[in-house]
>>> print(open('my_file_30.txt').read())   # compact mmCIF, C-alpha atoms
# COMPACT_ATOMS: atom_id res chain seq x y z
CA MET A 7 104.08 106.77 134.22
CA HIS A 8 104.26 108.00 130.64
CA ASN A 9 107.96 107.12 130.40
CA THR A 10 107.31 103.65 131.81
CA THR A 11 104.50 103.06 129.32
CA ALA A 12 106.66 104.19 126.40
CA MET A 13 109.52 101.98 127.58
CA LEU A 14 107.28 98.92 127.81
CA ILE A 15 105.88 99.56 124.33
CA GLU A 16 109.36 99.99 122.82
CA LEU A 17 110.77 96.94 124.60
CA GLY A 18 107.81 94.84 123.52
CA ALA A 19 108.23 95.96 119.93
CA ILE A 20 111.99 95.23 120.02
CA ILE A 21 111.63 91.75 121.51
CA LEU A 22 108.77 90.86 119.16
CA ALA A 23 110.80 92.05 116.17
CA LEU A 24 113.77 89.98 117.35
CA GLY A 25 111.59 86.91 117.57
CA LEU A 26 110.22 87.40 114.05
CA LEU A 27 113.69 88.09 112.61
CA GLY A 28 115.13 85.03 114.35
CA ARG A 29 112.32 82.90 112.98
CA LEU A 30 112.93 84.23 109.47
CA ALA A 31 116.67 83.55 109.75
CA GLY A 32 115.99 80.03 110.99
CA ARG A 33 113.74 79.23 108.02
CA VAL A 34 116.44 80.22 105.51
CA GLY A 35 119.27 78.60 107.52
CA PHE A 36 121.01 81.92 108.20
CA SER A 37 122.47 83.48 111.35
CA PRO A 38 120.13 86.15 112.74
CA ILE A 39 122.98 88.45 113.84
CA PRO A 40 123.11 90.63 110.68
CA LEU A 41 119.32 91.04 110.81
CA TYR A 42 119.53 92.16 114.46
CA LEU A 43 122.18 94.73 113.52
CA LEU A 44 120.19 96.09 110.59
CA ALA A 45 117.15 96.39 112.85
CA GLY A 46 119.24 98.42 115.27
CA LEU A 47 120.38 100.71 112.44
CA ALA A 48 116.79 101.23 111.32
CA PHE A 49 115.60 102.29 114.78
CA GLY A 50 118.72 103.94 116.19
CA HIS A 51 120.16 107.45 115.99
CA GLY A 52 119.52 108.75 112.49
CA GLY A 53 117.33 105.79 111.62
CA ILE A 54 113.73 105.55 110.48
CA LEU A 55 112.12 105.70 113.94
CA PRO A 56 114.61 106.37 116.77
CA LEU A 57 113.88 104.69 120.09
CA GLN A 58 114.43 106.78 123.23
CA ALA A 59 112.46 105.58 126.23
CA SER A 60 114.06 102.11 126.31
CA GLU A 61 117.64 103.17 125.45
CA GLU A 62 119.04 102.86 128.97
CA PHE A 63 117.45 99.46 129.55
CA VAL A 64 118.72 98.17 126.20
CA ALA A 65 122.25 99.38 127.06
CA THR A 66 122.20 97.41 130.33
CA GLY A 67 120.74 94.39 128.56
CA ALA A 68 123.54 94.54 125.99
CA GLU A 69 126.17 94.40 128.75
CA ILE A 70 124.43 91.40 130.31
CA GLY A 71 124.24 89.75 126.89
CA VAL A 72 128.03 89.80 126.40
CA ILE A 73 128.57 88.51 129.95
CA LEU A 74 126.15 85.59 129.46
CA LEU A 75 127.66 84.67 126.08
CA LEU A 76 131.11 84.32 127.62
CA LEU A 77 129.80 82.56 130.73
CA MET A 78 128.11 79.93 128.56
CA LEU A 79 131.31 79.38 126.60
CA GLY A 80 133.22 78.98 129.85
CA LEU A 81 130.77 76.32 131.03
CA GLU A 82 131.80 74.16 128.06
CA TYR A 83 135.42 73.76 129.26
CA SER A 84 137.34 72.96 132.43
CA ALA A 85 140.05 75.15 133.95
CA SER A 86 142.73 72.51 133.34
CA SER A 87 141.87 72.21 129.64
CA LEU A 88 142.00 76.00 129.29
CA VAL A 89 145.45 76.25 130.87
CA THR A 90 146.75 73.38 128.71
CA THR A 91 145.44 75.08 125.57
CA LEU A 92 146.93 78.44 126.56
CA LYS A 93 150.33 76.85 127.21
CA THR A 94 150.37 75.18 123.83
CA GLN A 95 148.75 77.94 121.79
CA TYR A 96 150.42 81.14 123.04
CA PRO A 97 152.39 81.45 119.75
CA SER A 98 149.01 81.73 118.02
CA GLY A 99 148.30 84.79 120.14
CA ALA A 100 151.53 86.39 118.97
CA VAL A 101 150.71 85.64 115.32
CA ASP A 102 147.20 87.00 115.85
CA PHE A 103 148.61 90.27 117.21
CA VAL A 104 151.17 90.77 114.44
CA LEU A 105 148.87 89.94 111.53
CA ASN A 106 145.81 91.84 112.70
CA ALA A 107 147.11 94.83 114.67
CA ALA A 108 149.62 95.87 111.99
CA PRO A 109 147.00 96.76 109.31
CA GLY A 110 145.21 99.15 111.67
CA ALA A 111 148.41 100.84 112.77
CA VAL A 112 149.64 101.23 109.18
CA ALA A 113 146.27 102.61 108.05
CA ALA A 114 146.26 105.27 110.80
CA LEU A 115 149.80 106.36 109.93
CA LEU A 116 148.99 106.53 106.20
CA LEU A 117 145.95 108.70 107.00
CA GLY A 118 148.21 111.03 108.99
CA TRP A 119 146.51 110.49 112.34
CA GLY A 120 149.70 110.09 114.39
CA PRO A 121 151.18 107.34 116.62
CA VAL A 122 148.57 107.41 119.40
CA ALA A 123 145.72 106.97 116.91
CA ALA A 124 147.80 104.19 115.29
CA VAL A 125 147.88 102.33 118.63
CA ALA A 126 144.11 102.76 118.94
CA LEU A 127 143.24 101.64 115.41
CA ALA A 128 145.61 98.67 115.81
CA GLY A 129 143.43 97.52 118.71
CA VAL A 130 140.25 98.01 116.67
CA THR A 131 141.50 95.70 113.92
CA TRP A 132 143.19 93.21 116.25
CA ILE A 133 140.42 92.10 118.62
CA SER A 134 137.73 89.68 117.44
CA SER A 135 134.25 89.92 118.91
CA SER A 136 133.82 87.32 121.64
CA GLY A 137 130.09 88.09 121.79
CA VAL A 138 129.43 87.64 118.08
CA ILE A 139 131.63 84.54 117.80
CA ALA A 140 130.06 82.92 120.84
CA LYS A 141 126.62 83.43 119.28
CA VAL A 142 127.79 82.10 115.90
CA LEU A 143 129.29 78.96 117.46
CA GLY A 144 125.98 78.28 119.16
CA ASP A 145 123.89 78.99 116.04
CA LEU A 146 126.03 76.67 113.92
CA GLY A 147 126.15 73.91 116.56
CA ARG A 148 129.96 73.96 116.76
CA THR A 149 130.53 74.27 120.51
CA GLY A 150 131.58 70.61 120.60
CA ASN A 151 133.85 70.69 117.53
CA ARG A 152 137.51 69.85 117.96
CA GLU A 153 138.59 73.21 116.57
CA THR A 154 136.42 75.20 118.97
CA PRO A 155 138.97 75.14 121.85
CA VAL A 156 141.46 76.75 119.44
CA VAL A 157 138.94 79.50 118.64
CA LEU A 158 138.28 80.03 122.35
CA CYS A 159 141.99 80.07 123.12
CA VAL A 160 142.60 82.88 120.61
CA LEU A 161 139.62 84.81 121.99
CA VAL A 162 140.70 84.37 125.61
CA MET A 163 144.26 85.44 124.83
CA GLU A 164 142.87 88.54 123.13
CA ASP A 165 140.60 89.32 126.08
CA LEU A 166 143.44 88.79 128.55
CA ALA A 167 145.67 90.99 126.40
CA MET A 168 143.08 93.74 126.82
CA ALA A 169 144.05 93.85 130.49
CA VAL A 170 147.45 95.08 129.28
CA TYR A 171 146.41 97.02 126.19
CA LEU A 172 143.56 99.15 127.56
CA PRO A 173 145.54 100.69 130.47
CA ILE A 174 148.40 101.47 128.07
CA LEU A 175 146.04 103.06 125.53
CA THR A 176 144.23 105.05 128.22
CA ALA A 177 147.54 106.36 129.54
CA LEU A 178 148.67 107.36 126.03
CA LEU A 179 145.40 109.15 125.30
CA ALA A 180 145.44 111.02 128.60
CA GLY A 181 149.17 111.76 128.59
CA VAL A 182 149.55 109.99 131.94
CA SER A 183 153.04 109.41 133.28
CA LEU A 184 154.74 106.06 132.97
CA ALA A 185 154.40 105.46 136.73
CA GLY A 186 150.65 106.07 136.72
CA GLY A 187 150.11 103.79 133.75
CA SER A 188 152.23 101.07 135.34
CA VAL A 189 150.11 101.04 138.51
CA THR A 190 146.91 100.59 136.49
CA LEU A 191 148.54 97.83 134.48
CA LEU A 192 149.71 95.96 137.60
CA ILE A 193 146.20 96.14 139.09
CA SER A 194 144.69 94.69 135.90
CA LEU A 195 147.20 91.84 135.70
CA GLY A 196 146.81 91.06 139.39
CA THR A 197 143.02 90.85 139.04
CA VAL A 198 143.23 88.44 136.10
CA GLY A 199 145.78 86.30 137.93
CA ALA A 200 143.70 86.15 141.12
CA VAL A 201 140.48 85.15 139.34
CA LEU A 202 142.31 82.54 137.25
CA TYR A 203 143.99 81.11 140.38
CA ILE A 204 140.64 80.76 142.16
CA ALA A 205 139.15 79.10 139.08
CA LEU A 206 142.01 76.58 138.89
CA ARG A 207 142.66 75.81 142.53
CA HIS A 208 139.32 76.35 144.22
CA GLY A 209 136.79 75.68 141.50
CA ARG A 210 135.19 72.85 143.51
CA ILE A 211 134.61 75.15 146.46
CA VAL A 212 132.95 77.68 144.18
CA SER A 213 130.79 74.93 142.67
CA ARG A 214 129.69 73.69 146.09
CA ALA A 215 128.82 77.23 147.16
CA VAL A 216 126.38 77.75 144.26
CA SER A 217 125.20 74.15 143.79
CA SER A 218 121.54 73.40 144.47
CA ASP A 219 118.95 70.81 143.52
CA ASN A 220 116.44 73.63 143.22
CA PRO A 221 116.64 75.12 139.70
CA GLU A 222 115.55 78.54 140.92
CA MET A 223 118.26 78.69 143.58
CA LEU A 224 120.90 77.45 141.13
CA LEU A 225 119.93 80.06 138.54
CA LEU A 226 120.03 82.91 141.06
CA ALA A 227 123.36 81.81 142.55
CA VAL A 228 125.19 81.30 139.24
CA LEU A 229 123.80 84.46 137.63
CA GLY A 230 124.50 86.54 140.71
CA LEU A 231 128.06 85.25 141.04
CA THR A 232 128.74 85.88 137.35
CA LEU A 233 127.46 89.46 137.40
CA LEU A 234 129.35 90.17 140.62
CA VAL A 235 132.68 88.88 139.31
CA ALA A 236 132.17 90.60 135.95
CA GLY A 237 131.41 93.91 137.64
CA VAL A 238 134.42 93.71 139.96
CA ALA A 239 136.66 92.75 137.03
CA GLN A 240 135.46 95.71 134.98
CA HIS A 241 135.92 98.07 137.93
CA LEU A 242 139.54 96.93 138.14
CA GLN A 243 140.16 97.70 134.44
CA VAL A 244 139.70 94.06 133.33
CA SER A 245 137.12 92.95 130.79
CA ALA A 246 133.82 91.85 132.31
CA ALA A 247 133.78 89.17 129.60
CA VAL A 248 137.02 87.68 130.97
CA GLY A 249 135.55 87.54 134.48
CA ALA A 250 132.39 85.82 133.22
CA PHE A 251 134.40 83.31 131.20
CA LEU A 252 136.54 82.40 134.21
CA VAL A 253 133.44 81.90 136.36
CA GLY A 254 132.18 79.45 133.74
CA ILE A 255 135.33 77.34 133.74
CA ALA A 256 135.48 77.39 137.56
CA LEU A 257 132.16 75.56 137.89
CA SER A 258 132.24 71.76 138.01
CA GLU A 259 130.62 69.55 135.37
CA GLU A 260 127.47 68.85 137.41
CA VAL A 261 126.80 72.49 138.23
CA ALA A 262 127.83 73.59 134.73
CA GLU A 263 125.38 71.18 133.11
CA GLY A 264 122.48 72.37 135.24
CA ALA A 265 123.33 76.05 134.80
CA HIS A 266 123.68 75.64 131.04
CA GLY A 267 120.09 74.53 130.60
CA LEU A 268 118.74 77.26 132.88
CA LEU A 269 120.75 80.12 131.40
CA SER A 270 120.41 79.30 127.69
CA PRO A 271 117.10 81.19 127.18
CA LEU A 272 118.46 84.24 129.05
CA ARG A 273 121.61 84.18 126.96
CA ASP A 274 119.65 84.10 123.71
CA LEU A 275 117.45 87.01 124.77
CA PHE A 276 120.20 89.32 126.03
CA ALA A 277 122.61 88.40 123.26
CA ALA A 278 120.03 89.53 120.71
CA VAL A 279 119.61 92.77 122.66
CA PHE A 280 123.38 93.30 122.50
CA PHE A 281 123.45 93.18 118.71
CA VAL A 282 120.44 95.50 118.45
CA PHE A 283 122.11 97.95 120.83
CA PHE A 284 125.20 98.01 118.64
CA GLY A 285 123.08 99.00 115.66
CA LEU A 286 121.07 101.55 117.66
CA HIS A 287 124.20 103.58 118.38
CA THR A 288 125.39 103.72 114.79
CA ASP A 289 124.21 106.71 112.76
CA PRO A 290 123.78 105.55 109.15
CA ALA A 291 124.75 109.05 107.92
CA ASP A 292 128.30 108.63 109.30
CA ILE A 293 129.03 105.52 107.25
CA PRO A 294 129.16 106.60 103.55
CA PRO A 295 132.13 109.05 103.83
CA VAL A 296 134.40 106.40 105.36
CA LEU A 297 132.98 103.36 103.62
CA LEU A 298 135.80 102.80 101.10
CA PRO A 299 138.74 102.92 103.57
CA ALA A 300 136.73 100.87 106.06
CA LEU A 301 135.93 98.29 103.37
CA ALA A 302 139.58 98.06 102.30
CA LEU A 303 140.69 97.60 105.91
CA ALA A 304 137.94 95.02 106.46
CA VAL A 305 139.02 92.94 103.46
CA VAL A 306 142.67 92.95 104.54
CA THR A 307 141.96 92.02 108.15
CA MET A 308 139.37 89.43 107.15
CA LEU A 309 142.12 87.62 105.26
CA THR A 310 144.62 88.03 108.11
CA LYS A 311 142.12 86.61 110.64
CA ILE A 312 141.44 83.62 108.41
CA ALA A 313 145.20 83.09 108.13
CA THR A 314 145.54 83.39 111.91
CA GLY A 315 142.86 80.78 112.58
CA TRP A 316 144.20 78.42 109.93
CA TRP A 317 147.72 78.62 111.40
CA ALA A 318 146.51 78.20 115.01
CA ALA A 319 144.37 75.16 114.14
CA ARG A 320 147.22 73.64 112.15
CA ARG A 321 149.49 73.89 115.20
CA ALA A 322 146.81 72.08 117.23
CA GLY A 323 146.71 69.18 114.75
CA ILE A 324 143.28 70.02 113.36
CA ALA A 325 142.42 68.69 109.89
CA PRO A 326 142.17 71.17 106.96
CA LYS A 327 138.39 71.57 107.13
CA GLY A 328 138.61 72.54 110.79
CA ARG A 329 141.45 74.97 110.05
CA TRP A 330 139.28 76.86 107.57
CA ARG A 331 136.35 76.84 110.00
CA THR A 332 138.61 78.29 112.70
CA GLY A 333 139.78 81.12 110.45
CA GLY A 334 136.31 81.98 109.20
CA THR A 335 134.89 82.00 112.73
CA LEU A 336 137.44 84.56 114.00
CA VAL A 337 136.62 87.25 111.42
CA ALA A 338 133.91 89.18 113.31
CA ARG A 339 134.84 92.35 115.24
CA GLY A 340 132.51 93.97 117.74
CA GLU A 341 132.30 95.14 121.32
CA PHE A 342 135.99 95.69 122.14
CA SER A 343 136.63 97.50 118.86
CA ILE A 344 133.82 99.95 119.61
CA VAL A 345 135.11 100.49 123.17
CA ILE A 346 138.61 101.23 121.87
CA ALA A 347 137.29 103.63 119.23
CA GLY A 348 135.19 105.39 121.85
CA LEU A 349 138.26 106.00 123.99
CA ALA A 350 140.22 107.37 121.03
CA VAL A 351 137.70 109.80 119.51
CA GLY A 352 138.78 112.56 121.87
CA THR A 353 142.29 112.47 120.39
CA GLU A 354 141.33 111.67 116.79
CA PRO A 355 137.59 112.27 116.08
CA ARG A 356 137.84 110.70 112.61
CA ILE A 357 138.55 107.28 114.10
CA GLY A 358 134.95 106.95 115.35
CA PRO A 359 133.07 106.77 112.03
CA LEU A 360 135.82 104.65 110.43
CA ALA A 361 135.80 102.15 113.29
CA THR A 362 131.99 102.02 113.27
CA ALA A 363 131.83 101.30 109.53
CA TYR A 364 134.67 98.78 109.81
CA VAL A 365 133.06 96.88 112.68
CA LEU A 366 129.64 96.95 111.03
CA ILE A 367 131.09 95.41 107.86
CA LEU A 368 132.88 92.62 109.71
CA VAL A 369 130.13 91.95 112.22
CA VAL A 370 127.85 91.28 109.22
CA LEU A 371 130.50 89.30 107.29
CA GLY A 372 131.63 87.34 110.35
CA PRO A 373 128.67 84.94 110.53
CA LEU A 374 128.93 84.48 106.75
CA THR A 375 132.65 83.64 106.78
CA ALA A 376 132.10 81.29 109.73
CA ARG A 377 129.59 79.33 107.66
CA TRP A 378 131.10 79.53 104.15
CA THR A 379 134.92 79.72 104.44
CA GLU A 380 135.37 75.97 104.82
CA PRO A 381 132.92 74.94 102.02
CA LEU A 382 134.47 77.46 99.61
CA ALA A 383 138.01 76.32 100.46
CA SER A 384 137.01 72.67 100.00
CA ARG A 385 135.43 73.43 96.62
CA LEU A 386 138.54 75.27 95.41
CA THR A 387 140.74 72.41 96.63
CA ARG A 388 138.67 69.84 94.73
CA ARG A 389 138.90 71.92 91.56
CA ARG A 390 142.68 72.05 91.81
CA SER A 391 143.05 68.30 92.38
CA PRO A 392 140.12 66.61 90.58
CA ASP A 393 141.90 63.29 90.14
CA LYS A 394 142.55 62.66 93.84
CA PRO A 395 140.86 59.40 95.00
CA ARG A 396 138.21 59.97 97.62
CA ASN A 397 139.36 57.10 99.83
CA THR A 398 142.76 58.75 100.37
CA ALA A 399 141.35 61.96 101.84
CA PRO A 400 142.42 62.62 105.44
CA VAL A 401 139.84 62.12 108.16
CA ASP A 402 138.49 65.44 109.42
CA GLN A 403 139.36 65.54 113.09
CA SER A 404 137.38 68.70 113.72
CA GLU A 405 133.87 67.27 113.87
CA PRO A 406 131.91 67.34 117.12
CA VAL A 407 132.94 64.91 119.83
CA HIS A 408 129.99 63.06 121.34
CA ALA A 409 130.05 61.36 124.68
CA GLY A 410 130.38 57.65 124.41
CA GLY A 411 130.95 57.85 120.68
>>> encode(input="my_file_30.txt", output="structure tokens")
Amino acid sequence: MHNTTAMLIELGAIILALGLLGRLAGRVGFSPIPLYLLAGLAFGHGGILPLQASEEFVATGAEIGVILLLLMLGLEYSASSLVTTLKTQYPSGAVDFVLNAAPGAVAALLLGWGPVAAVALAGVTWISSSGVIAKVLGDLGRTGNRETPVVLCVLVMEDLAMAVYLPILTALLAGVSLAGGSVTLLISLGTVGAVLYIALRHGRIVSRAVSSDNPEMLLLAVLGLTLLVAGVAQHLQVSAAVGAFLVGIALSEEVAEGAHGLLSPLRDLFAAVFFVFFGLHTDPADIPPVLLPALALAVVTMLTKIATGWWAARRAGIAPKGRWRTGGTLVARGEFSIVIAGLAVGTEPRIGPLATAYVLILVVLGPLTARWTEPLASRLTRRRSPDKPRNTAPVDQSEPVHAGG
């Protein structure tokens, strides 16, 4: 009884604090994500007042938060549009890998950590945070922008690449044979292929199975299906986020529209819990010793992510403003980077604090670059060409598309 009482008190205090922080951020026109993270730092391990009774519940809520964020993004797009974007944008995935994995690998080798740690740190710097970026897109009202499918395409290619990368990394860390690693890899790829095939070919059947005129029944069916698929995907060494995203794109427009309205409040609640959980598990005392190398790596990979997004959006025919928005949006790192670092600490313990500091820097800067990269780039461009007539400027094709407009 005592534990239950303490858990309720802690959860109530957390949720109330999140509401107040979100309200404060809204008044100043700022994303609440950095405030959620700082709150987690203040009340996590090594913080001002560590929380203990609610830790397990918050951990589960954080997992659900990432799943709901990716589900809601998937509801915005159809399976056919996703496949078309992937077919046309796969070179962007290759550029993303080269530009953003290389700095991590080079840094690990320069620090003398060895090739296995280099593979791990390359993953930490490569993968953007789908959870943070999904929240930022919603906060900034950009889910309908023309450049948003490019952002999602890069994120989905990264998440799908994790189905290949994580089994390889796990095998390297454990010293598993090539045959054992290959079996795990084949299972992961087969799972992704099967879920994607069902989403493409049998999405209408899935929609009919969960469709209901009763909001309660629709909410239970969609949420249950999403958690089930995400859990099975994670059990088979595939990201739960990928499974949730594919469930979203498998649902038809009618079901997707109804589910979107029902799930939005749940997404906002559990997404906030996810960011608090990230801060709760970061000991502030571990950050100062690795702050300078983490900051240097963050600056380099912030620039490489902006370059990646700019190049990907340019290939898609997006106007310059949208290109800068794409690059700035992709900067944040988060959940996958922490997972990768957690796997690698057994081989190279020093990678943990560095990865934590690195991710914390970019998860705070990410919402800022998403908002300010395009205005700053536009201001610099105007300063360089002050005599350019306004009526000759190209039309920005990256603004939101409205139905019937």
>>> closest_residue(input="my_file_30.txt", among="A:Met78, A:Glu260, A:Ala100, A:Val201", to="Val238 (chain A)", atoms="all atoms listed in the file")
A:Val201
>>> atom_distance(input="my_file_30.txt", atom1="CA of Trp119 (chain A)", atom2="CA of Pro355 (chain A)")
9.8 Å
>>> residues_around(input="my_file_30.txt", residues="Lys141 (chain A)", least_positions_apart="3", cutoff="8 Å", atoms="only C-alpha atoms", output="PDB file with C-alpha atoms, in the frame of the given file")
ATOM      1  CA  LEU A  75     127.660  84.670 126.080  1.00  0.00           C
ATOM      2  CA  GLY A 137     130.090  88.090 121.790  1.00  0.00           C
ATOM      3  CA  VAL A 138     129.430  87.640 118.080  1.00  0.00           C
ATOM      4  CA  GLY A 144     125.980  78.280 119.160  1.00  0.00           C
ATOM      5  CA  ASP A 145     123.890  78.990 116.040  1.00  0.00           C
ATOM      6  CA  ALA A 277     122.610  88.400 123.260  1.00  0.00           C
TER       7      ALA A 277
END
>>> residues_around(input="my_file_30.txt", residues="Asn106 (chain A)", least_positions_apart="6", cutoff="6 Å", atoms="all atoms listed in the file", output="PyMOL selection string")
chain A and resi 131-132+307
>>> closest_residue(input="my_file_30.txt", among="A:Leu226, A:Ala128, A:Leu268, A:Leu275", to="Gly25 (chain A)", atoms="only C-alpha atoms")
A:Leu275
